[in-house]
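Asker: The following file, input-v3.pdb, comprises PDB, C-alpha atoms:
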```
MODEL        1
ATOM      1  CA  MET J 145      -2.140  -5.920  24.423
ATOM      2  CA  ILE J 146      -2.880  -9.336  25.940
ATOM      3  CA  SER J 147       0.545  -9.458  27.618
ATOM      4  CA  LYS J 148      -0.041  -6.018  29.203
ATOM      5  CA  ILE J 149      -3.376  -7.213  30.568
ATOM      6  CA  LYS J 150      -1.686 -10.322  32.003
ATOM      7  CA  VAL J 151       0.982  -8.179  33.689
ATOM      8  CA  ARG J 152      -1.700  -5.897  35.149
ATOM      9  CA  ILE J 153      -3.696  -8.871  36.436
ATOM     10  CA  THR J 154      -0.558 -10.462  37.923
ATOM     11  CA  LYS J 155       0.343  -7.238  39.744
ATOM     12  CA  THR J 156      -3.194  -6.859  41.064
ATOM     13  CA  ILE J 157      -3.218 -10.429  42.382
ATOM     14  CA  SER J 158       0.232  -9.940  43.941
ATOM     15  CA  LYS J 159      -0.893  -6.782  45.777
ATOM     16  CA  TRP J 160      -4.061  -8.506  46.971
ATOM     17  CA  LEU J 161      -2.100 -11.488  48.289
ATOM     18  CA  LYS J 162       0.308  -9.231  50.151
ATOM     19  CA  LYS J 163      -2.577  -7.370  51.757
ATOM     20  CA  VAL J 164      -4.111 -10.695  52.828
ATOM     21  CA  ILE J 165      -0.757 -11.823  54.274
ATOM     22  CA  LEU J 166      -0.356  -8.577  56.222
ATOM     23  CA  ILE J 167      -3.909  -8.571  57.565
ATOM     24  CA  GLY J 168      -3.651 -12.222  58.568
ATOM     25  CA  SER J 169      -0.247 -11.763  60.197
ATOM     26  CA  HIS J 170      -1.298  -8.740  62.246
ATOM     27  CA  SER J 171      -4.757 -10.008  63.199
ATOM     28  CA  ARG J 172      -3.412 -13.285  64.625
ATOM     29  CA  LYS J 173      -2.285 -11.264  67.637
ATOM     30  CA  GLY J 174      -5.257  -8.926  67.517
ATOM     31  CA  VAL J 175      -7.055  -7.597  70.582
ATOM     32  CA  TRP J 176     -10.596  -6.317  70.857
ATOM     33  CA  ILE J 177     -10.509  -2.980  72.643
ATOM     34  CA  ASN J 178      -8.390   0.004  71.634
ATOM     35  CA  ALA J 179      -7.467   1.936  74.767
ATOM     36  CA  ASP J 180      -5.449   4.570  72.909
ATOM     37  CA  SER J 181      -6.935   8.048  73.172
ATOM     38  CA  LYS J 182      -5.176   9.459  70.108
ATOM     39  CA  PRO J 183      -5.149   8.102  66.532
ATOM     40  CA  LYS J 184      -1.831   6.674  65.446
ATOM     41  CA  ILE J 185       0.121   6.024  62.238
ATOM     42  CA  ILE J 186       2.722   3.257  62.397
ATOM     43  CA  ILE J 187       4.931   2.707  59.378
ATOM     44  CA  CYS J 188       6.290  -0.832  59.282
ATOM     45  CA  PHE J 189       9.496  -2.472  58.079
ATOM     46  CA  ASP J 190       9.086  -5.785  59.836
ATOM     47  CA  GLY J 191      10.089  -8.374  57.242
ATOM     48  CA  ARG J 192       6.547  -9.488  56.465
ATOM     49  CA  ILE J 193       7.008  -8.258  52.871
ATOM     50  CA  SER J 194       9.831  -6.809  50.780
ATOM     51  CA  HIS J 195      10.432  -3.203  51.837
ATOM     52  CA  GLY J 196      13.095  -1.995  49.390
ATOM     53  CA  GLY J 197      16.338  -0.192  50.083
ATOM     54  CA  LEU J 198      17.167   2.475  52.638
ATOM     55  CA  VAL J 199      15.833   5.465  50.694
ATOM     56  CA  ASP J 200      12.620   3.671  49.702
ATOM     57  CA  ARG J 201      11.995   3.171  53.404
ATOM     58  CA  LEU J 202      12.869   6.770  54.241
ATOM     59  CA  LYS J 203      10.439   8.028  51.597
ATOM     60  CA  GLY J 204       7.624   6.143  53.291
ATOM     61  CA  ILE J 205       8.712   7.343  56.737
ATOM     62  CA  ILE J 206       8.922  11.020  55.794
ATOM     63  CA  SER J 207       5.600  10.917  53.920
ATOM     64  CA  PHE J 208       3.590   9.422  56.751
ATOM     65  CA  TYR J 209       5.306  11.503  59.411
ATOM     66  CA  GLN J 210       4.103  14.529  57.458
ATOM     67  CA  ILE J 211       0.572  13.104  57.322
ATOM     68  CA  ALA J 212       0.656  12.436  61.068
ATOM     69  CA  LYS J 213       1.621  16.062  61.668
ATOM     70  CA  MET J 214      -1.144  17.331  59.390
ATOM     71  CA  LEU J 215      -3.750  15.208  61.217
ATOM     72  CA  ASP J 216      -2.259  15.595  64.699
ATOM     73  CA  TYR J 217      -1.843  11.793  64.989
ATOM     74  CA  GLU J 218       0.835   9.947  66.907
ATOM     75  CA  PHE J 219       3.633   8.660  64.691
ATOM     76  CA  LYS J 220       5.674   5.513  65.243
ATOM     77  CA  ILE J 221       8.143   3.461  63.242
ATOM     78  CA  ILE J 222       8.562  -0.302  63.371
ATOM     79  CA  PHE J 223      11.944  -0.897  61.705
ATOM     80  CA  LYS J 224      13.394  -4.206  62.788
ATOM     81  CA  HIS J 225      14.220  -5.998  59.546
ATOM     82  CA  PRO J 226      16.922  -6.795  58.687
ATOM     83  CA  PHE J 227      18.216  -4.657  61.586
ATOM     84  CA  GLN J 228      16.929  -2.236  64.197
ATOM     85  CA  LEU J 229      17.001   1.266  62.741
ATOM     86  CA  SER J 230      18.085   2.601  66.136
ATOM     87  CA  TYR J 231      21.493   0.946  65.603
ATOM     88  CA  PHE J 232      22.148   3.809  63.200
ATOM     89  CA  LEU J 233      19.472   6.486  63.655
ATOM     90  CA  GLU J 234      17.890   7.497  66.949
ATOM     91  CA  SER J 235      14.882   9.641  67.835
ATOM     92  CA  ASN J 236      15.632  13.345  67.731
ATOM     93  CA  GLN J 237      12.691  15.687  68.403
ATOM     94  CA  VAL J 238      10.061  12.942  68.053
ATOM     95  CA  GLU J 239       9.910   9.667  69.995
ATOM     96  CA  TRP J 240       9.167   7.515  66.971
ATOM     97  CA  GLU J 241      10.474   4.105  68.019
ATOM     98  CA  ALA J 242       7.534   1.721  68.469
ATOM     99  CA  ILE J 243       7.291  -0.313  71.636
ATOM    100  CA  GLU J 244       5.301  -3.486  72.268
ATOM    101  CA  LYS J 245       1.974  -1.781  72.953
ATOM    102  CA  ASP J 246       2.224   0.135  69.657
ATOM    103  CA  GLU J 247       2.282  -3.129  67.731
ATOM    104  CA  LYS J 248      -1.116  -4.280  69.009
ATOM    105  CA  PHE J 249      -3.625  -4.766  66.220
ATOM    106  CA  TYR J 250      -7.114  -3.784  67.337
ATOM    107  CA  LEU J 251      -9.605  -5.910  65.444
ATOM    108  CA  PHE J 252     -12.277  -3.222  65.102
ATOM    109  CA  SER J 253     -10.212  -0.055  64.915
ATOM    110  CA  SER J 254      -6.929  -0.911  63.178
ATOM    111  CA  LYS J 255      -6.338  -0.780  59.443
ATOM    112  CA  ILE J 256      -3.556  -2.066  57.154
ATOM    113  CA  LEU J 257      -2.508   0.371  54.434
ATOM    114  CA  TYR J 258      -0.484  -1.394  51.740
ATOM    115  CA  LEU J 259       0.842   1.429  49.568
ATOM    116  CA  VAL J 260       3.998  -0.037  48.020
ATOM    117  CA  ASN J 261       4.531   1.554  44.588
ATOM    118  CA  GLU J 262       1.043   3.104  44.799
ATOM    119  CA  PHE J 263       2.100   6.389  43.239
ATOM    120  CA  ASP J 264      -1.372   7.513  42.188
ATOM    121  CA  LYS J 265      -2.918   7.309  45.661
ATOM    122  CA  ASN J 266      -3.535  10.098  48.167
ATOM    123  CA  PRO J 267      -2.954   8.532  51.603
ATOM    124  CA  LEU J 268      -4.060  11.689  53.427
ATOM    125  CA  LYS J 269      -7.533  11.361  51.907
ATOM    126  CA  ILE J 270      -7.612   7.613  52.616
ATOM    127  CA  ILE J 271      -6.807   8.111  56.294
ATOM    128  CA  ARG J 272      -9.148  11.070  56.698
ATOM    129  CA  LYS J 273     -12.080   9.049  55.316
ATOM    130  CA  SER J 274     -11.361   6.030  57.505
ATOM    131  CA  LYS J 275     -13.032   5.446  60.871
ATOM    132  CA  SER J 276      -9.998   3.473  62.083
ATOM    133  CA  LYS J 277      -7.790   4.838  64.849
ATOM    134  CA  THR J 278      -4.571   2.916  64.209
ATOM    135  CA  PHE J 279      -2.963   2.582  60.786
ATOM    136  CA  PHE J 280      -0.227   0.054  60.037
ATOM    137  CA  VAL J 281       1.396   1.403  56.878
ATOM    138  CA  TYR J 282       3.603  -0.326  54.321
ATOM    139  CA  SER J 283       4.899   2.188  51.800
ATOM    140  CA  ASN J 284       7.969   3.219  49.810
ATOM    141  CA  VAL J 285       6.584   6.347  48.128
ATOM    142  CA  ASP J 286       7.441  10.019  48.554
ATOM    143  CA  TYR J 287       3.944  11.503  48.807
ATOM    144  CA  LEU J 288       4.986  15.088  49.542
ATOM    145  CA  PRO J 289       4.148  16.229  45.975
ATOM    146  CA  VAL J 290       0.664  14.748  46.465
ATOM    147  CA  LEU J 291       0.244  16.349  49.883
ATOM    148  CA  PHE J 292       1.480  19.748  48.656
ATOM    149  CA  PRO J 293       0.616  19.920  44.943
ATOM    150  CA  ASP J 294       1.132  23.695  44.743
ATOM    151  CA  LYS J 295       4.596  23.815  46.323
ATOM    152  CA  SER J 296       7.804  24.113  44.309
ATOM    153  CA  ARG J 297      10.455  21.399  44.280
ATOM    154  CA  ASP J 298      12.691  23.545  46.497
ATOM    155  CA  ALA J 299       9.875  23.982  49.014
ATOM    156  CA  LEU J 300       9.169  20.243  49.019
ATOM    157  CA  ASN J 301      12.850  19.515  49.555
ATOM    158  CA  GLU J 302      12.872  21.863  52.545
ATOM    159  CA  ILE J 303       9.897  20.043  54.091
ATOM    160  CA  TRP J 304      11.608  16.703  53.459
ATOM    161  CA  ARG J 305      14.846  17.907  55.037
ATOM    162  CA  ASN J 306      13.104  19.415  58.069
ATOM    163  CA  ASN J 307      11.080  16.259  58.648
ATOM    164  CA  TYR J 308      14.212  14.135  58.493
ATOM    165  CA  ASP J 309      15.992  16.368  60.991
ATOM    166  CA  GLU J 310      13.002  16.338  63.356
ATOM    167  CA  LEU J 311      12.921  12.552  63.334
ATOM    168  CA  PHE J 312      16.551  11.465  63.298
ATOM    169  CA  LYS J 313      19.964  11.949  64.800
ATOM    170  CA  THR J 314      22.919   9.644  64.302
ATOM    171  CA  SER J 315      23.483   6.970  66.920
ATOM    172  CA  ASN J 316      26.756   6.813  68.844
ATOM    173  CA  TYR J 317      27.679   3.742  66.800
ATOM    174  CA  LEU J 318      27.161   5.558  63.493
ATOM    175  CA  LYS J 319      28.942   8.663  64.783
ATOM    176  CA  GLU J 320      31.956   6.505  65.533
ATOM    177  CA  GLN J 321      31.892   5.085  61.990
ATOM    178  CA  LEU J 322      31.579   8.550  60.449
ATOM    179  CA  ARG J 323      34.454   9.883  62.541
ATOM    180  CA  PHE J 324      36.963   8.361  60.121
ATOM    181  CA  LEU J 325      35.579  10.122  57.040
ATOM    182  CA  PRO J 326      37.371  13.138  55.559
ATOM    183  CA  ILE J 327      36.218  16.551  56.751
ATOM    184  CA  THR J 328      37.758  18.730  54.040
ATOM    185  CA  PRO J 329      35.304  19.917  51.331
ATOM    186  CA  TYR J 330      34.672  17.350  48.586
ATOM    187  CA  ILE J 331      32.291  16.538  45.759
ATOM    188  CA  VAL J 332      30.757  13.164  44.994
ATOM    189  CA  PHE J 333      29.995  11.315  41.765
ATOM    190  CA  HIS J 334      27.503   8.515  42.283
ATOM    191  CA  THR J 335      26.590   5.639  39.964
ATOM    192  CA  ARG J 336      23.960   2.938  40.139
ATOM    193  CA  PHE J 337      24.679  -0.051  37.902
ATOM    194  CA  THR J 338      22.437  -2.597  39.686
ATOM    195  CA  SER J 339      23.157  -5.924  37.942
ATOM    196  CA  LEU J 340      24.666  -4.490  34.735
ATOM    197  CA  LEU J 341      28.304  -5.264  35.607
ATOM    198  CA  GLY J 342      27.485  -8.700  36.978
ATOM    199  CA  ASP J 343      28.713  -8.072  40.521
ATOM    200  CA  PHE J 344      25.649  -6.768  42.299
ATOM    201  CA  SER J 345      22.326  -8.419  43.043
ATOM    202  CA  ASP J 346      19.282  -6.195  42.799
ATOM    203  CA  THR J 347      15.623  -6.267  41.899
ATOM    204  CA  VAL J 348      16.617  -6.212  38.223
ATOM    205  CA  SER J 349      18.690  -8.926  36.564
ATOM    206  CA  LEU J 350      20.091  -7.592  33.266
ATOM    207  CA  VAL J 351      23.827  -8.358  32.942
ATOM    208  CA  LEU J 352      25.894  -6.870  30.115
ATOM    209  CA  ASP J 353      28.439  -8.913  28.185
ATOM    210  CA  ASP J 354      32.137  -8.018  28.472
ATOM    211  CA  GLU J 355      32.205  -5.707  25.459
ATOM    212  CA  GLU J 356      29.082  -3.849  26.569
ATOM    213  CA  ARG J 357      30.532  -3.430  30.047
ATOM    214  CA  GLN J 358      33.723  -1.890  28.737
ATOM    215  CA  ILE J 359      31.802   0.522  26.501
ATOM    216  CA  LEU J 360      29.598   1.581  29.398
ATOM    217  CA  LEU J 361      32.528   2.027  31.785
ATOM    218  CA  ARG J 362      34.338   4.240  29.277
ATOM    219  CA  LYS J 363      31.241   6.422  28.890
ATOM    220  CA  VAL J 364      30.813   6.777  32.629
ATOM    221  CA  LEU J 365      34.462   7.635  33.211
ATOM    222  CA  LYS J 366      34.373  10.190  30.405
ATOM    223  CA  SER J 367      31.328  11.847  31.989
ATOM    224  CA  ILE J 368      33.116  12.056  35.325
ATOM    225  CA  ASP J 369      36.307  13.384  33.724
ATOM    226  CA  VAL J 370      34.466  16.173  31.886
ATOM    227  CA  GLU J 371      32.709  17.391  35.021
ATOM    228  CA  ALA J 372      35.795  16.929  37.191
ATOM    229  CA  LEU J 373      37.743  19.299  34.946
ATOM    230  CA  ILE J 374      35.247  22.026  35.789
ATOM    231  CA  HIS J 375      35.789  21.367  39.496
ATOM    232  CA  GLN J 376      39.569  21.188  39.585
ATOM    233  CA  GLY J 377      40.960  21.805  43.031
ATOM    234  CA  ASN J 378      38.175  19.880  44.759
ATOM    235  CA  GLU J 379      38.596  16.498  46.393
ATOM    236  CA  ILE J 380      36.644  14.114  44.169
ATOM    237  CA  TYR J 381      35.092  10.883  45.407
ATOM    238  CA  VAL J 382      33.251   8.211  43.450
ATOM    239  CA  LEU J 383      30.551   6.142  45.152
ATOM    240  CA  SER J 384      28.707   3.280  43.545
ATOM    241  CA  ASP J 385      26.675   0.141  44.112
ATOM    242  CA  SER J 386      29.265  -1.789  42.053
ATOM    243  CA  ILE J 387      32.474  -2.989  43.698
ATOM    244  CA  SER J 388      34.034  -3.790  40.321
ATOM    245  CA  PHE J 389      33.456  -0.212  39.169
ATOM    246  CA  LEU J 390      35.002   1.114  42.369
ATOM    247  CA  GLU J 391      38.025  -1.154  41.849
ATOM    248  CA  ALA J 392      38.351   0.199  38.303
ATOM    249  CA  ILE J 393      38.267   3.749  39.682
ATOM    250  CA  LYS J 394      41.079   2.939  42.126
ATOM    251  CA  GLU J 395      43.215   1.240  39.476
ATOM    252  CA  ASN J 396      42.734   3.627  36.560
ATOM    253  CA  THR J 397      42.078   7.102  37.970
ATOM    254  CA  ASN J 398      43.171   9.516  40.663
ATOM    255  CA  TYR J 399      39.651   9.793  42.079
ATOM    256  CA  LYS J 400      39.029   8.577  45.597
ATOM    257  CA  VAL J 401      36.663   5.940  46.922
ATOM    258  CA  LEU J 402      35.527   4.958  50.403
ATOM    259  CA  LYS J 403      36.579   1.636  51.862
ATOM    260  CA  GLY J 404      34.154  -1.269  52.058
ATOM    261  CA  ALA J 405      31.907  -3.139  49.644
ATOM    262  CA  PRO J 406      28.479  -1.662  48.849
ATOM    263  CA  THR J 407      25.430  -3.827  49.565
ATOM    264  CA  HIS J 408      21.638  -3.649  49.390
ATOM    265  CA  ILE J 409      19.720  -3.676  52.691
ATOM    266  CA  GLU J 410      17.480  -6.574  51.688
ATOM    267  CA  LEU J 411      19.673  -8.427  49.199
ATOM    268  CA  GLY J 412      23.142  -8.144  50.721
ATOM    269  CA  PRO J 413      24.731  -9.949  53.681
ATOM    270  CA  ASN J 414      22.899  -9.426  56.950
ATOM    271  CA  ASP J 415      25.623  -8.161  59.259
ATOM    272  CA  LEU J 416      26.101  -4.854  61.022
ATOM    273  CA  ASP J 417      29.246  -3.828  59.125
ATOM    274  CA  SER J 418      27.556  -4.309  55.736
ATOM    275  CA  HIS J 419      24.540  -2.275  56.774
ATOM    276  CA  ALA J 420      26.826   0.376  58.285
ATOM    277  CA  LYS J 421      28.448   0.816  54.861
ATOM    278  CA  THR J 422      25.086   1.878  53.437
ATOM    279  CA  PHE J 423      24.667   4.575  56.109
ATOM    280  CA  ILE J 424      28.304   5.696  55.804
ATOM    281  CA  ASP J 425      27.917   6.219  52.055
ATOM    282  CA  PHE J 426      24.601   7.988  52.602
ATOM    283  CA  TYR J 427      25.979  10.405  55.173
ATOM    284  CA  PHE J 428      29.114  10.973  53.126
ATOM    285  CA  ILE J 429      26.883  12.197  50.297
ATOM    286  CA  ILE J 430      24.804  14.259  52.753
ATOM    287  CA  ASN J 431      27.941  16.148  53.805
ATOM    288  CA  SER J 432      29.302  16.728  50.301
ATOM    289  CA  GLU J 433      29.514  20.109  48.593
ATOM    290  CA  LYS J 434      28.006  18.871  45.322
ATOM    291  CA  VAL J 435      26.498  15.590  44.174
ATOM    292  CA  PHE J 436      26.532  14.266  40.620
ATOM    293  CA  LEU J 437      24.522  11.220  39.580
ATOM    294  CA  VAL J 438      25.973   9.678  36.430
ATOM    295  CA  MET J 439      23.449   7.838  34.230
ATOM    296  CA  GLN J 440      24.429   6.350  30.892
ATOM    297  CA  ASP J 441      22.585   3.966  28.578
ATOM    298  CA  LYS J 442      20.888   1.240  30.648
ATOM    299  CA  MET J 443      22.015   2.549  34.025
ATOM    300  CA  HIS J 444      19.322   3.243  36.584
ATOM    301  CA  ASN J 445      18.230   6.380  38.365
ATOM    302  CA  SER J 446      19.273   6.546  42.018
ATOM    303  CA  ASN J 447      17.149   8.077  44.719
ATOM    304  CA  PHE J 448      19.991   7.238  47.107
ATOM    305  CA  SER J 449      22.162  10.190  46.103
ATOM    306  CA  LYS J 450      19.197  12.459  45.280
ATOM    307  CA  TYR J 451      17.670  12.238  48.749
ATOM    308  CA  ALA J 452      21.046  12.405  50.486
ATOM    309  CA  ALA J 453      21.587  15.677  48.627
ATOM    310  CA  ILE J 454      18.153  16.885  49.772
ATOM    311  CA  ILE J 455      18.972  16.151  53.415
ATOM    312  CA  GLY J 456      22.360  17.844  53.107
ATOM    313  CA  ASN J 457      20.937  20.740  51.071
ATOM    314  CA  SER J 458      23.671  20.029  48.522
ATOM    315  CA  ASN J 459      23.638  20.931  44.860
ATOM    316  CA  PHE J 460      22.451  17.885  42.876
ATOM    317  CA  LYS J 461      22.872  17.259  39.173
ATOM    318  CA  ILE J 462      22.171  14.299  36.892
ATOM    319  CA  ILE J 463      24.731  13.685  34.145
ATOM    320  CA  THR J 464      23.446  11.790  31.132
ATOM    321  CA  GLN J 465      26.070  12.758  28.549
TER     322      GLN J 465
ENDMDL
END
```
How would this structure read if it were set down as structure tokens?

Answerer:
Amino acid sequence: MISKIKVRITKTISKWLKKVILIGSHSRKGVWINADSKPKIIICFDGRISHGGLVDRLKGIISFYQIAKMLDYEFKIIFKHPFQLSYFLESNQVEWEAIEKDEKFYLFSSKILYLVNEFDKNPLKIIRKSKSKTFFVYSNVDYLPVLFPDKSRDALNEIWRNNYDELFKTSNYLKEQLRFLPITPYIVFHTRFTSLLGDFSDTVSLVLDDEERQILLRKVLKSIDVEALIHQGNEIYVLSDSISFLEAIKENTNYKVLKGAPTHIELGPNDLDSHAKTFIDFYFIINSEKVFLVMQDKMHNSNFSKYAAIIGNSNFKIITQ
């Protein structure tokens, strides 16, 4: 009981410190008068705090774009850490890319909303009650179920997909990278091992010993084999966050993998090719016929393949046996 209280207190202090850091950082360049005629929501990925992986960021973007539409607010994105989002995704129907004037923090009419992992909040109500005109948002949560509590999962997925398509189109650079991917129909099996196999840094740190790794790998491969038998005749690809697992797939099976080593946006090497691999994998899943997420034992859930399947309107299934 005492340890749980300590954890709760530590988390509360951590959130408070991050809010203080964000307010202090923004207000240092604050100005007094807000000349904007229309309220504005700006979701930020600027390196001031940890923002999470690609899909965590997209969840925040889609959620607050939806809120901006519901309130008839302007919507902008500051995404410049560890790369400019426009390298890979450009504005489609909405001019979302923030420019210098959008980043101004108005001392009397701007507000910082720190909503990282704040799953029990309703940001629409928070913004509606506020007298502020400009909101700098830090969030990694999909709030669509909160915004539309009576809608089915299929209906929510359609809103998510439509919002994504309204906001984004692939850049010429990303189009060129995707040009080399196969175009024949295929299905994808996706796995997320995080640190379990000892070859991938993530926000968790559990590493299995050699025997545990082998047991887990056999279970995962068996799960893929069972499902693959049902889908004979399809091109089958395996995607993963673990390079050692992908090497094992190449050496021991007839399943296909994409070239390149998977990385995490915040924890991997900061170069364009590494970040491009994340988007290539994501769009490869988007364009697949079916998507299977394999989860065994201590493996982690992956929103990466789930939300790619939502965008692509692909059949998605989690395999746990």

Asker: Which residues are close to J:Lys182, i.e. within 10 Å by only C-alpha atoms, leaving aside same-chain residues fewer than 6 positions away? Reply as a ChimeraX atom specification.

Answerer: /J:216-218,277-278

Asker: Identify, on the basis of all atoms listed in the file, every residue whose closest approach to stretch 366-377 of chain J does not exceed 8 Å; exclude the query and any residue fewer than 5 positions from it along the same chain; express the result as a PyMOL selection string.

Answerer: chain J and resi 333+438+463-465

Asker: Between J:Asn307, J:Ser296, J:Ser276, J:Ser194, single out the one closest to J:Ile455, counting all atoms listed in the file.

Answerer: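 Of J:Asn307, J:Ser296, J:Ser276, J:Ser194, the one nearest J:Ile455, counting all atoms listed in the file, is J:Asn307.
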
Asker: Rounded to one decimal in Å, what is the spacing between atom CA of J:Ile270 and atom CA of J:Lys255?

Answerer: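 We find that atom CA of J:Ile270 and atom CA of J:Lys255 lie 10.9 Å from each other.
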
Asker: Which residues fall under the PyMOL selection byres ((chain J and resi 314-316) around 9) in this file, as a VMD selection string?

Answerer: chain J and resid 230 to 236 312 to 313 317 to 321

Asker: In Å, with one decimal, what is the gap from atom CA of J:Asp415 to atom CA of J:Pro226?

Answerer: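 Atom CA of J:Asp415 sits 8.8 Å away from atom CA of J:Pro226.
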
Asker: When distances are computed from only C-alpha atoms, which of J:Glu239, J:Ser253, J:Asn306, J:Asp298 shows the smallest separation from J:Gln210?

Answerer: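 Among J:Glu239, J:Ser253, J:Asn306, J:Asp298, it is J:Asn306 that comes nearest to J:Gln210.
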
Asker: Any idea what the distance is between atom CA of J:Leu402 and atom CA of J:Asp441?

Answerer: 25.4 Å

Asker: For the structure provided, state which residues fall under the PyMOL selection byres ((chain J and resi 269) around 12), and present them as a list of chain:residue names.

Answerer: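 Evaluating the PyMOL selection byres ((chain J and resi 269) around 12) on this file yields J:Ile211, J:Met214, J:Leu215, J:Lys265, J:Asn266, J:Pro267, J:Leu268, J:Ile270, J:Ile271, J:Arg272, J:Lys273, J:Ser274, J:Tyr287, J:Val290, J:Leu291.
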
Asker: Once the PyMOL selection byres ((chain J and resi 450) around 9) has been evaluated on this model, what residues remain selected, and can you format them as a list in words?

Answerer: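 Matching residues under the PyMOL selection byres ((chain J and resi 450) around 9) are Val435, Phe436, Leu437, Ser446, Asn447, Phe448, Ser449, Tyr451, Ala452, Ala453, Ile454, Ile455, Phe460 and Lys461 of chain J.
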
Asker: Closest to J:Ala242 among J:Arg192, J:Lys184, J:Lys203, J:His170, using all atoms listed in the file?

Answerer: J:Lys184

Asker: Need to verify the contact set: J:Ile380, 9 Å, only C-alpha atoms, exclusion of same-chain residues closer than 6 positions in sequence. Can you return it as a PyMOL selection string?

Answerer: chain J and resi 330-333+372+398-401

Asker: Filtering to C-alpha atoms, could you give me those residues as a PDB file, in the frame of the given file?

Answerer:
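Contents of the output file part05.pdb:
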```
ATOM      1  CA  TYR J 330      34.672  17.350  48.586  1.00  0.00           C
ATOM      2  CA  ILE J 331      32.291  16.538  45.759  1.00  0.00           C
ATOM      3  CA  VAL J 332      30.757  13.164  44.994  1.00  0.00           C
ATOM      4  CA  PHE J 333      29.995  11.315  41.765  1.00  0.00           C
ATOM      5  CA  ALA J 372      35.795  16.929  37.191  1.00  0.00           C
ATOM      6  CA  ASN J 398      43.171   9.516  40.663  1.00  0.00           C
ATOM      7  CA  TYR J 399      39.651   9.793  42.079  1.00  0.00           C
ATOM      8  CA  LYS J 400      39.029   8.577  45.597  1.00  0.00           C
ATOM      9  CA  VAL J 401      36.663   5.940  46.922  1.00  0.00           C
TER      10      VAL J 401
END
```
